[in-house]
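Trainee: Okay, so here is model-v4.csv, and as you'll see once you scroll down, it has CSV, C-alpha atoms.
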```
chain,number,residue,atom,x,y,z
A,267,MET,CA,11.1,-12.6,15.5
A,268,ILE,CA,8.2,-12.7,13.1
A,269,THR,CA,9.4,-12.7,9.5
A,270,LEU,CA,7.7,-11.9,6.2
A,271,PHE,CA,7.8,-15.6,5.3
A,272,MET,CA,6.1,-16.6,8.6
A,273,ILE,CA,3.3,-14.1,8.0
A,274,LEU,CA,2.7,-15.2,4.4
A,275,ALA,CA,2.8,-18.8,5.4
A,276,ALA,CA,0.2,-18.3,8.1
A,277,ALA,CA,-1.9,-16.3,5.6
A,278,MET,CA,-1.9,-19.1,3.0
A,279,GLY,CA,-2.8,-21.7,5.5
A,280,THR,CA,-3.2,-25.3,4.5
A,281,GLY,CA,-5.7,-24.9,1.7
A,282,THR,CA,-8.8,-24.7,3.9
A,283,PRO,CA,-11.0,-21.7,2.9
A,284,PRO,CA,-10.8,-18.9,5.5
A,285,PRO,CA,-13.8,-18.1,7.5
A,286,PHE,CA,-16.2,-15.3,6.3
A,287,TYR,CA,-16.6,-12.4,8.7
A,288,ALA,CA,-20.0,-10.8,8.1
A,289,ASP,CA,-19.4,-7.8,10.4
A,290,LYS,CA,-16.2,-6.2,9.3
A,291,GLY,CA,-16.8,-3.2,11.5
A,292,ASP,CA,-16.0,-5.3,14.6
A,293,ILE,CA,-12.5,-6.6,14.1
A,294,LEU,CA,-11.8,-7.6,17.7
A,295,TYR,CA,-12.8,-11.2,17.3
A,296,TRP,CA,-11.7,-14.2,15.3
A,297,LEU,CA,-13.5,-17.4,14.2
A,298,ASP,CA,-12.1,-20.7,15.2
A,299,GLY,CA,-12.3,-24.0,13.2
A,300,ALA,CA,-15.8,-24.6,14.5
A,301,GLY,CA,-17.0,-21.1,13.5
A,302,GLN,CA,-17.1,-19.9,17.1
A,303,LYS,CA,-16.3,-16.3,18.0
A,304,ARG,CA,-13.1,-15.9,20.0
A,305,PRO,CA,-12.4,-12.4,21.5
A,306,VAL,CA,-9.2,-10.6,20.5
A,307,GLN,CA,-7.8,-9.5,23.8
A,308,SER,CA,-4.1,-9.3,22.9
A,309,ALA,CA,-1.7,-8.8,20.1
A,310,GLU,CA,-1.2,-12.5,20.0
A,311,ASP,CA,-5.0,-13.1,19.5
A,312,TRP,CA,-5.0,-10.5,16.8
A,313,ALA,CA,-2.5,-12.6,14.8
A,314,CYS,CA,-5.3,-15.2,14.2
A,315,ARG,CA,-7.7,-12.6,12.7
A,316,ARG,CA,-4.8,-11.0,10.8
A,317,ALA,CA,-4.0,-14.3,9.1
A,318,HIS,CA,-7.6,-14.6,8.0
A,319,ILE,CA,-7.6,-11.1,6.6
A,320,LEU,CA,-4.6,-11.9,4.4
A,321,GLN,CA,-6.3,-15.1,3.3
A,322,ASN,CA,-9.5,-13.3,2.5
A,323,MET,CA,-7.7,-10.6,0.5
A,324,GLN,CA,-6.2,-13.4,-1.7
A,325,GLN,CA,-9.7,-14.8,-2.2
A,326,VAL,CA,-10.4,-11.7,-4.2
A,327,MET,CA,-7.0,-10.7,-5.5
A,328,GLY,CA,-5.6,-14.1,-6.2
A,329,PRO,CA,-2.6,-15.7,-4.4
A,330,LEU,CA,0.6,-13.9,-3.8
A,331,PRO,CA,3.2,-15.4,-6.1
A,332,THR,CA,5.6,-17.9,-4.5
A,333,ALA,CA,8.5,-17.1,-6.9
A,334,ASP,CA,12.0,-17.0,-5.2
A,335,ARG,CA,12.9,-13.6,-3.9
A,336,ALA,CA,16.2,-14.5,-2.3
A,337,THR,CA,18.0,-12.4,-5.0
A,338,PRO,CA,17.1,-8.7,-5.5
A,339,PRO,CA,15.6,-8.0,-9.0
A,340,SER,CA,18.0,-7.1,-11.7
A,341,TYR,CA,17.6,-3.8,-13.3
A,342,GLU,CA,18.9,-1.7,-16.1
A,343,ALA,CA,19.3,2.1,-16.3
A,344,LEU,CA,17.6,3.5,-19.4
A,345,GLU,CA,18.1,7.2,-18.8
A,346,GLU,CA,19.7,9.6,-16.3
A,347,LYS,CA,18.8,13.2,-15.5
A,348,GLU,CA,20.5,15.6,-13.2
A,349,PHE,CA,18.5,18.0,-11.0
A,350,PRO,CA,19.8,20.4,-8.4
A,351,SER,CA,19.4,18.1,-5.4
A,352,TYR,CA,19.0,14.7,-6.8
A,353,THR,CA,19.8,12.4,-9.8
A,354,ARG,CA,16.8,10.7,-11.4
A,355,LYS,CA,17.3,7.5,-13.2
A,356,THR,CA,14.7,5.8,-15.4
A,357,ILE,CA,15.1,2.1,-14.8
A,358,ARG,CA,13.4,-1.2,-15.7
A,359,TYR,CA,13.5,-3.9,-13.1
A,360,GLN,CA,12.5,-7.5,-13.3
A,361,ALA,CA,9.4,-8.6,-11.4
A,362,ASP,CA,8.5,-12.0,-12.8
A,363,PRO,CA,6.1,-13.7,-12.9
A,364,GLY,CA,4.2,-11.3,-15.1
A,365,GLY,CA,6.9,-9.1,-16.7
A,366,PRO,CA,9.2,-6.2,-15.8
A,367,VAL,CA,8.4,-2.8,-14.3
A,368,HIS,CA,9.5,0.7,-15.4
A,369,ALA,CA,10.3,3.1,-12.6
A,370,PHE,CA,12.0,6.3,-11.6
A,371,LEU,CA,14.8,6.0,-9.1
A,372,PHE,CA,15.6,9.2,-7.3
A,373,LEU,CA,19.1,9.4,-5.6
A,374,PRO,CA,19.7,12.5,-3.4
A,375,LYS,CA,22.9,14.4,-3.8
A,376,ASN,CA,25.3,15.7,-1.1
A,377,THR,CA,24.2,13.2,1.5
A,378,GLU,CA,26.3,10.9,3.6
A,379,GLY,CA,25.7,7.4,4.8
A,380,LYS,CA,22.7,5.2,4.1
A,381,ARG,CA,19.5,7.0,3.5
A,382,PRO,CA,15.8,6.2,4.3
A,383,ALA,CA,13.9,5.3,1.2
A,384,MET,CA,10.3,5.6,0.1
A,385,LEU,CA,8.3,3.6,-2.5
A,386,CYS,CA,6.2,6.2,-4.2
A,387,LEU,CA,3.0,5.0,-5.9
A,388,HIS,CA,1.2,7.2,-8.4
A,389,PRO,CA,-2.5,8.0,-8.8
A,390,THR,CA,-4.5,7.0,-11.9
A,391,SER,CA,-3.0,8.7,-15.0
A,392,SER,CA,-1.7,7.6,-18.4
A,393,LEU,CA,1.5,9.4,-17.3
A,394,GLY,CA,2.1,6.9,-14.5
A,395,LYS,CA,5.3,7.6,-12.5
A,396,ARG,CA,5.7,11.0,-14.1
A,397,ILE,CA,2.8,12.3,-11.9
A,398,VAL,CA,4.8,11.9,-8.7
A,399,ALA,CA,7.9,13.4,-10.3
A,400,GLY,CA,6.2,16.7,-10.8
A,401,GLU,CA,5.3,16.3,-14.5
A,402,GLY,CA,1.6,15.7,-14.1
A,403,GLU,CA,-1.4,17.8,-15.1
A,404,LYS,CA,-2.5,18.4,-11.5
A,405,PRO,CA,-0.6,19.9,-8.6
A,406,ASN,CA,-0.1,18.3,-5.2
A,407,ARG,CA,1.0,14.9,-6.5
A,408,ASN,CA,4.7,15.4,-6.8
A,409,TYR,CA,5.7,13.6,-3.6
A,410,ALA,CA,8.5,11.5,-5.0
A,411,MET,CA,10.3,14.7,-6.2
A,412,GLU,CA,9.7,16.4,-2.9
A,413,LEU,CA,10.9,13.5,-0.8
A,414,ALA,CA,14.1,13.3,-3.0
A,415,GLU,CA,14.6,17.0,-2.3
A,416,ARG,CA,14.3,16.2,1.4
A,417,GLY,CA,17.1,13.6,1.2
A,418,TYR,CA,15.1,10.4,0.7
A,419,VAL,CA,15.9,7.8,-1.9
A,420,ALA,CA,12.6,7.3,-3.8
A,421,LEU,CA,11.5,4.6,-6.2
A,422,ALA,CA,8.4,5.4,-8.3
A,423,PRO,CA,7.2,2.4,-10.3
A,424,ASP,CA,4.5,2.4,-13.0
A,425,TYR,CA,1.4,0.6,-12.1
A,426,PRO,CA,0.4,-2.0,-14.7
A,427,GLY,CA,-1.3,-0.3,-17.6
A,428,PHE,CA,0.1,3.1,-17.1
A,429,GLY,CA,3.3,5.1,-18.0
A,430,ASP,CA,5.7,2.9,-19.9
A,431,ASP,CA,3.9,-0.3,-18.9
A,432,THR,CA,0.8,0.1,-21.1
A,433,ASP,CA,0.8,-3.5,-22.2
A,434,ALA,CA,1.4,-5.0,-18.8
A,435,ARG,CA,-2.2,-6.0,-18.1
A,436,GLU,CA,-2.5,-8.4,-21.0
A,437,ILE,CA,0.9,-9.9,-20.0
A,438,LEU,CA,-0.1,-10.3,-16.3
A,439,TYR,CA,-3.4,-12.0,-17.0
A,440,ASN,CA,-1.7,-14.3,-19.5
A,441,ALA,CA,0.8,-15.2,-16.8
A,442,GLY,CA,-2.1,-16.4,-14.6
A,443,TYR,CA,-2.8,-13.5,-12.3
A,444,THR,CA,-6.4,-13.2,-11.0
A,445,SER,CA,-6.1,-9.4,-10.6
A,446,CYS,CA,-4.0,-6.5,-11.6
A,447,THR,CA,-4.0,-5.5,-7.9
A,448,MET,CA,-2.0,-8.6,-7.0
A,449,LYS,CA,0.5,-8.0,-9.8
A,450,GLY,CA,0.9,-4.5,-8.4
A,451,ILE,CA,1.5,-5.8,-4.9
A,452,TRP,CA,4.1,-8.2,-6.3
A,453,ASN,CA,5.8,-5.4,-8.3
A,454,HIS,CA,6.0,-3.3,-5.2
A,455,LEU,CA,7.4,-6.1,-3.1
A,456,ARG,CA,10.1,-6.6,-5.6
A,457,GLY,CA,10.6,-2.8,-5.6
A,458,VAL,CA,11.3,-3.0,-1.8
A,459,ASP,CA,13.7,-5.9,-2.5
A,460,LEU,CA,15.5,-3.6,-5.0
A,461,LEU,CA,15.7,-0.7,-2.6
A,462,GLN,CA,17.1,-2.9,0.2
A,463,SER,CA,19.9,-4.0,-2.1
A,464,LEU,CA,21.1,-0.4,-3.0
A,465,PRO,CA,24.2,0.8,-1.2
A,466,GLU,CA,22.6,4.2,-0.7
A,467,VAL,CA,19.6,2.8,1.2
A,468,ASP,CA,19.2,1.9,4.9
A,469,PRO,CA,17.3,-1.4,4.5
A,470,GLU,CA,15.6,-0.9,7.9
A,471,ARG,CA,14.1,2.5,7.0
A,472,ILE,CA,11.8,2.0,4.0
A,473,GLY,CA,8.2,3.3,3.7
A,474,CYS,CA,5.5,3.8,1.2
A,475,ILE,CA,3.4,6.7,0.0
A,476,GLY,CA,0.6,7.1,-2.5
A,477,HIS,CA,-2.4,9.1,-3.6
A,478,SER,CA,-5.7,7.7,-4.9
A,479,LEU,CA,-4.8,4.5,-6.8
A,480,GLY,CA,-1.4,4.8,-5.1
A,481,GLY,CA,-3.2,5.4,-1.8
A,482,HIS,CA,-4.9,2.0,-1.6
A,483,ASN,CA,-2.0,0.2,-3.3
A,484,THR,CA,0.1,1.6,-0.4
A,485,LEU,CA,-2.2,-0.1,2.1
A,486,PHE,CA,-2.4,-3.4,0.1
A,487,THR,CA,1.3,-3.6,-0.2
A,488,GLY,CA,1.9,-2.7,3.4
A,489,VAL,CA,-0.3,-5.6,4.6
A,490,PHE,CA,1.8,-8.1,2.7
A,491,ASP,CA,5.2,-6.5,3.4
A,492,PRO,CA,6.1,-5.7,7.0
A,493,ARG,CA,9.5,-4.2,5.9
A,494,LEU,CA,7.5,-1.1,5.0
A,495,ARG,CA,7.9,0.7,8.3
A,496,VAL,CA,5.5,3.6,7.6
A,497,LEU,CA,2.6,4.0,5.3
A,498,ILE,CA,1.2,7.4,4.0
A,499,THR,CA,-2.1,7.1,2.1
A,500,SER,CA,-4.0,10.0,0.5
A,501,CYS,CA,-7.5,9.7,-0.8
A,502,GLY,CA,-7.1,6.0,-1.0
A,503,PHE,CA,-10.1,4.2,0.6
A,504,THR,CA,-13.4,4.2,2.2
A,505,THR,CA,-15.4,1.2,3.5
A,506,PHE,CA,-17.0,-0.8,0.7
A,507,PRO,CA,-20.6,-0.1,1.8
A,508,LYS,CA,-19.9,3.6,1.6
A,509,TYR,CA,-18.0,3.5,-1.7
A,510,MET,CA,-20.3,5.1,-4.3
A,511,LYS,CA,-23.3,4.2,-2.1
A,512,GLY,CA,-22.3,0.5,-2.2
A,513,ASP,CA,-21.8,0.2,-6.0
A,514,LEU,CA,-18.4,-1.5,-6.3
A,515,THR,CA,-18.3,-1.3,-10.1
A,516,GLY,CA,-15.2,1.0,-10.0
A,517,TRP,CA,-13.2,-1.8,-8.3
A,518,THR,CA,-14.1,-4.5,-10.9
A,519,HIS,CA,-12.3,-3.6,-14.1
A,520,ASP,CA,-9.1,-5.3,-15.3
A,521,GLY,CA,-7.0,-2.7,-13.5
A,522,TYR,CA,-8.3,-3.8,-10.2
A,523,MET,CA,-10.1,-7.0,-9.1
A,524,PRO,CA,-12.5,-8.6,-11.6
A,525,ARG,CA,-13.6,-11.2,-9.0
A,526,ILE,CA,-15.5,-8.5,-7.1
A,527,ALA,CA,-18.0,-8.6,-10.0
A,528,ASP,CA,-17.6,-12.2,-11.2
A,529,VAL,CA,-17.6,-14.0,-7.8
A,530,TYR,CA,-19.1,-11.5,-5.4
A,531,GLY,CA,-21.7,-9.7,-7.5
A,532,LYS,CA,-20.3,-6.2,-6.7
A,533,ASP,CA,-22.1,-6.6,-3.3
A,534,PRO,CA,-20.3,-5.2,-0.3
A,535,ALA,CA,-22.1,-7.7,2.0
A,536,LYS,CA,-20.4,-10.5,0.1
A,537,MET,CA,-16.9,-9.1,0.1
A,538,PRO,CA,-14.4,-11.2,2.1
A,539,PHE,CA,-12.5,-8.2,3.3
A,540,ASP,CA,-12.8,-4.5,3.9
A,541,PHE,CA,-10.6,-1.5,4.7
A,542,THR,CA,-11.5,-1.7,8.4
A,543,GLU,CA,-9.5,-4.9,8.5
A,544,ILE,CA,-6.7,-3.7,6.2
A,545,LEU,CA,-6.0,-0.8,8.5
A,546,GLY,CA,-6.0,-3.1,11.5
A,547,ALA,CA,-3.7,-5.5,9.7
A,548,LEU,CA,-1.1,-2.7,9.5
A,549,ALA,CA,-0.9,-2.3,13.3
A,550,PRO,CA,1.4,-1.4,15.1
A,551,ARG,CA,3.2,0.3,12.2
A,552,PRO,CA,2.8,4.1,11.7
A,553,VAL,CA,0.1,5.1,9.2
A,554,PHE,CA,-0.7,8.6,8.1
A,555,ILE,CA,-4.1,9.1,6.3
A,556,ASN,CA,-5.1,12.2,4.3
A,557,ALA,CA,-8.9,12.0,3.9
A,558,PRO,CA,-10.4,15.3,2.6
A,559,LEU,CA,-13.9,16.2,3.7
A,560,HIS,CA,-15.3,16.5,0.1
A,561,ASP,CA,-13.7,13.5,-1.6
A,562,ASP,CA,-16.3,12.2,-4.1
A,563,ASN,CA,-14.3,9.0,-4.7
A,564,PHE,CA,-13.8,7.9,-1.1
A,565,GLU,CA,-16.6,9.1,1.2
A,566,VAL,CA,-15.1,10.5,4.4
A,567,SER,CA,-17.5,8.9,7.0
A,568,GLY,CA,-16.4,5.5,5.7
A,569,VAL,CA,-12.8,6.5,6.3
A,570,ARG,CA,-13.7,7.4,9.9
A,571,ASP,CA,-15.4,4.0,10.3
A,572,ALA,CA,-12.3,2.2,9.2
A,573,VAL,CA,-10.1,4.3,11.4
A,574,ASP,CA,-12.3,3.8,14.5
A,575,ALA,CA,-12.2,0.0,14.0
A,576,ALA,CA,-8.4,0.0,13.5
A,577,ARG,CA,-7.7,2.2,16.5
A,578,LYS,CA,-8.8,-0.7,18.7
A,579,VAL,CA,-6.2,-2.9,17.2
A,580,TYR,CA,-3.5,-0.2,17.6
A,581,ALA,CA,-4.6,0.1,21.3
A,582,LEU,CA,-3.9,-3.6,21.7
A,583,HIS,CA,-0.3,-2.9,20.7
A,584,GLY,CA,-0.1,0.3,22.8
A,585,ALA,CA,0.4,2.3,19.6
A,586,GLU,CA,-2.6,4.6,19.3
A,587,GLU,CA,-0.4,7.6,18.4
A,588,ARG,CA,0.9,5.8,15.3
A,589,LEU,CA,-2.4,6.1,13.5
A,590,ARG,CA,-2.7,9.7,12.3
A,591,VAL,CA,-5.6,11.2,10.2
A,592,VAL,CA,-6.1,14.6,8.7
A,593,HIS,CA,-9.3,15.9,7.1
A,594,PRO,CA,-8.5,18.9,5.0
A,595,ASP,CA,-11.4,21.1,3.6
A,596,ALA,CA,-10.7,19.8,0.1
A,597,GLU,CA,-11.9,17.5,-2.6
A,598,HIS,CA,-9.9,14.5,-4.0
A,599,ASP,CA,-6.5,16.1,-3.4
A,600,PHE,CA,-3.3,15.9,-1.4
A,601,PRO,CA,-3.0,19.6,-0.4
A,602,GLU,CA,0.3,21.2,0.5
A,603,GLU,CA,-0.4,21.4,4.2
A,604,ALA,CA,-1.4,17.8,4.4
A,605,ARG,CA,1.7,16.7,2.5
A,606,GLN,CA,3.9,18.7,4.9
A,607,GLU,CA,2.2,17.1,7.9
A,608,ALA,CA,2.8,13.7,6.3
A,609,TYR,CA,6.5,14.4,5.7
A,610,ALA,CA,6.9,15.6,9.4
A,611,PHE,CA,5.2,12.3,10.4
A,612,LEU,CA,7.7,10.4,8.2
A,613,ASP,CA,10.7,12.3,9.7
A,614,LYS,CA,9.5,11.2,13.2
A,615,VAL,CA,9.3,7.6,12.2
A,616,PHE,CA,12.7,7.6,10.7
A,617,GLY,CA,14.4,9.1,13.8
A,618,LYS,CA,14.5,12.9,13.5
A,619,GLU,CA,12.0,13.3,16.3
A,620,PRO,CA,10.4,10.8,18.8
A,621,PHE,CA,6.7,10.3,18.7
A,622,GLY,CA,4.8,12.4,21.2
A,623,ASN,CA,6.9,15.5,20.8
```
Kindly transcribe the structure held in the file into structure tokens.
Mentor:
Amino acid sequence: MITLFMILAAAMGTGTPPPFYADKGDILYWLDGAGQKRPVQSAEDWACRRAHILQNMQQVMGPLPTADRATPPSYEALEEKEFPSYTRKTIRYQADPGGPVHAFLFLPKNTEGKRPAMLCLHPTSSLGKRIVAGEGEKPNRNYAMELAERGYVALAPDYPGFGDDTDAREILYNAGYTSCTMKGIWNHLRGVDLLQSLPEVDPERIGCIGHSLGGHNTLFTGVFDPRLRVLITSCGFTTFPKYMKGDLTGWTHDGYMPRIADVYGKDPAKMPFDFTEILGALAPRPVFINAPLHDDNFEVSGVRDAVDAARKVYALHGAEERLRVVHPDAEHDFPEEARQEAYAFLDKVFGKEPFGN
């Protein structure tokens, strides 16, 4: 059985720089040690390209921390509020290196046995986790609250710099991180560790959902953590050449990946990875994508390019039906109908209905 440790060990390699893939629209080949193209004709072949994708992501994001994760993170409850169908705890859990994380933990009431759980990642907002708890200034982002009402345990952490973690970025860079993105991934991995340790949670039924900032962080975390059995991403990505007509400035500030500017000159052609590869690297796990037709942040044709590339990898695994995309006639939003489709997709993954029905 392939474990998280085996995947990360393969991704880190032996210190040799990973090969650079100029054409990231074609992900059905891998480059051997001599730089020769080798076709990807099976799931086993894909593992070679996938390892290079993880290495190339870390070229930009910095290395995934190697701190011991054998013990779940300790946490303290800071506040507890009762709602009709769930209890919401404000907690702070340890995620060293780089400091602790504030989060909401939603525990459904009147449920029996171990429950499926969702890591709920918020969009950009000074309110942080409160957005997905239904306390934000915009509608259609309250998916942590809605999932708790549906009987899911939900963990909604603050992304570094937002919510109750406003000083987290200075701390993480002082701790040696290359990007805020990688600290976010690490925080979310430790969040999954925490969820798996809870007596209310079925450790084999954990997924991740996010909109915008949370949408791409859902994908980033999913690539590094195969314990996330389903990913739901809303308005979270487009291919780099089609992001703001190729101007990657928005990805380069201290809340994302400064190396995109410092090392790669904000040039999509120089980037070591793209979202075509990230989606492919999630195969064969179920992924639901909400990509509105009029999203000014993440241009829809670039989403389609990424999905078309990734579908070929899903086909290698015989799992084409696990990659689902909806294109609502909307702007940068997660409309009610799209959310309900996502929740139905999630229910199928976690056993209420088989795929294909």
Trainee: Which residue gives the smallest distance to A:Thr518 among A:Thr505, A:Lys532, A:Pro285, A:Leu548, with all atoms listed in the file counted?
Mentor: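 Ranking A:Thr505, A:Lys532, A:Pro285, A:Leu548 by distance to A:Thr518, first place goes to A:Lys532.
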Trainee: How would you write as a PyMOL selection string the residues that get within 10 Å of (7.0, -2.1, 10.2) in the file's frame, counting all atoms listed in the file?
Mentor: chain A and resi 470-473+488-489+491-497+548-552
Trainee: Compare A:Lys375, A:Arg396, A:Arg304, A:Arg605 by their minimum atom-to-atom distance to A:Thr499, counting all atoms listed in the file, and give me the closest one.
Mentor: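 Using all atoms listed in the file, A:Thr499 sits closest to A:Arg605.
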Trainee: Do you know which residues are at most 7 Å from stretch 533-547 of chain A counting only C-alpha atoms, after dropping those on the same chain fewer than 6 positions away, and could you put them as a list in words?
Mentor: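 My reading of the contact set: Phe286, Lys290, Gly291, Ile293, Arg316, Ile319, Asn322, Met323, Val489, Thr504, Thr505, Phe506, Pro507, Gly512, Leu514, Ala572, Val573, Ala575, Ala576 and Val579 of chain A.
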Trainee: Looking at all atoms listed in the file, which of A:Leu320, A:His482, A:Gln325, A:Pro558 is the one that sits closest to A:Tyr530?
Mentor: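 Distance minimum relative to A:Tyr530 lands on A:Gln325.
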Trainee: Of the residues A:Arg416, A:Arg358, A:His560, A:His583, which is the one nearest to A:Asn453, using only C-alpha atoms?
Mentor: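 Among the listed residues, the smallest separation from A:Asn453 belongs to A:Arg358.
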Trainee: For stretch 469-510 of chain A versus stretch 426-448 of chain A, which residues have an atom no more than 12 Å away, and what is each residue's nearest atom pair and distance in Å rounded to one decimal, using all atoms listed in the file, chain-then-number order, as JSON lines?
Mentor:
```
{"residue": "A:Leu479", "atom": "CA", "partner": "A:Thr447", "partner_atom": "CA", "distance": 10.1}
{"residue": "A:Gly480", "atom": "CA", "partner": "A:Thr447", "partner_atom": "CA", "distance": 11.0}
{"residue": "A:His482", "atom": "CA", "partner": "A:Thr447", "partner_atom": "CA", "distance": 9.8}
{"residue": "A:Asn483", "atom": "CA", "partner": "A:Thr447", "partner_atom": "CA", "distance": 7.6}
{"residue": "A:Thr484", "atom": "CA", "partner": "A:Thr447", "partner_atom": "CA", "distance": 11.1}
{"residue": "A:Leu485", "atom": "CA", "partner": "A:Thr447", "partner_atom": "CA", "distance": 11.5}
{"residue": "A:Phe486", "atom": "CA", "partner": "A:Thr447", "partner_atom": "CA", "distance": 8.4}
{"residue": "A:Thr487", "atom": "CA", "partner": "A:Met448", "partner_atom": "CA", "distance": 9.1}
{"residue": "A:Phe490", "atom": "CA", "partner": "A:Met448", "partner_atom": "CA", "distance": 10.4}
```
Trainee: Save the residues we just selected, C-alpha atoms, as a CSV table (one decimal), in the coordinates of the input?
Mentor:
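Output file result.csv is given in full below:
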```
chain,number,residue,atom,x,y,z
A,479,LEU,CA,-4.8,4.5,-6.8
A,480,GLY,CA,-1.4,4.8,-5.1
A,482,HIS,CA,-4.9,2.0,-1.6
A,483,ASN,CA,-2.0,0.2,-3.3
A,484,THR,CA,0.1,1.6,-0.4
A,485,LEU,CA,-2.2,-0.1,2.1
A,486,PHE,CA,-2.4,-3.4,0.1
A,487,THR,CA,1.3,-3.6,-0.2
A,490,PHE,CA,1.8,-8.1,2.7
```
Trainee: Quote the spacing between atom CA of A:Met411 and atom CA of A:Phe372 in Å to one decimal place.
Mentor: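 Spanning atom CA of A:Met411 to atom CA of A:Phe372 is a straight-line distance of 7.7 Å.
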Trainee: What separation in Å, quoted to one decimal, exists between atom CA of A:Glu415 and atom CA of A:Pro374?
Mentor: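 Straight-line distance from atom CA of A:Glu415 to atom CA of A:Pro374 works out to 6.9 Å.
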Trainee: Using all atoms listed in the file and a cutoff of 12 Å, can you tell me which residues are near (10.8, -6.6, -10.3) in the file's coordinates, and write them out as a PyMOL selection string?
Mentor: chain A and resi 333-335+337-342+357-369+421+423-425+449-461
Trainee: Take atom CA of A:Leu612 and atom CA of A:Glu401 and report the distance between them in Å, one decimal.
Mentor: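 Going from atom CA of A:Leu612 over to atom CA of A:Glu401 covers 23.6 Å.
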Trainee: If you count only C-alpha atoms, which residues fall within 7 Å of A:Lys355, apart from same-chain ones fewer than 6 positions away, as a list in words?
Mentor: Ala343, Glu345, Glu346, Lys347, Phe370, Leu371 and Phe372 of chain A
Trainee: Now that the selection is made, can you save its residues with C-alpha atoms as a compact mmCIF listing (two decimals), keeping the file's coordinate frame?
Mentor:
```txt
# COMPACT_ATOMS: atom_id res chain seq x y z
CA ALA A 343 19.30 2.10 -16.30
CA GLU A 345 18.10 7.20 -18.80
CA GLU A 346 19.70 9.60 -16.30
CA LYS A 347 18.80 13.20 -15.50
CA PHE A 370 12.00 6.30 -11.60
CA LEU A 371 14.80 6.00 -9.10
CA PHE A 372 15.60 9.20 -7.30
```
Trainee: A:Lys395, A:Arg407, A:Arg381, A:Lys511: which is nearest A:Arg354, counting all atoms listed in the file?
Mentor: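 Looking only at the distances to A:Arg354, the closest residue turns out to be A:Lys395.
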Trainee: Could you give me, as a list in words, the residues within 8 Å of A:Tyr295, counting only C-alpha atoms and dropping anything in the same chain fewer than 4 positions from it?
Mentor: Lys303, Arg304, Pro305, Val306, Trp312 and Arg315 of chain A
Trainee: Quick one: of A:Asp513, A:Asp292, A:Glu607, A:Glu466, who's nearest to A:Ala420, counting all atoms listed in the file?
Mentor: A:Glu466
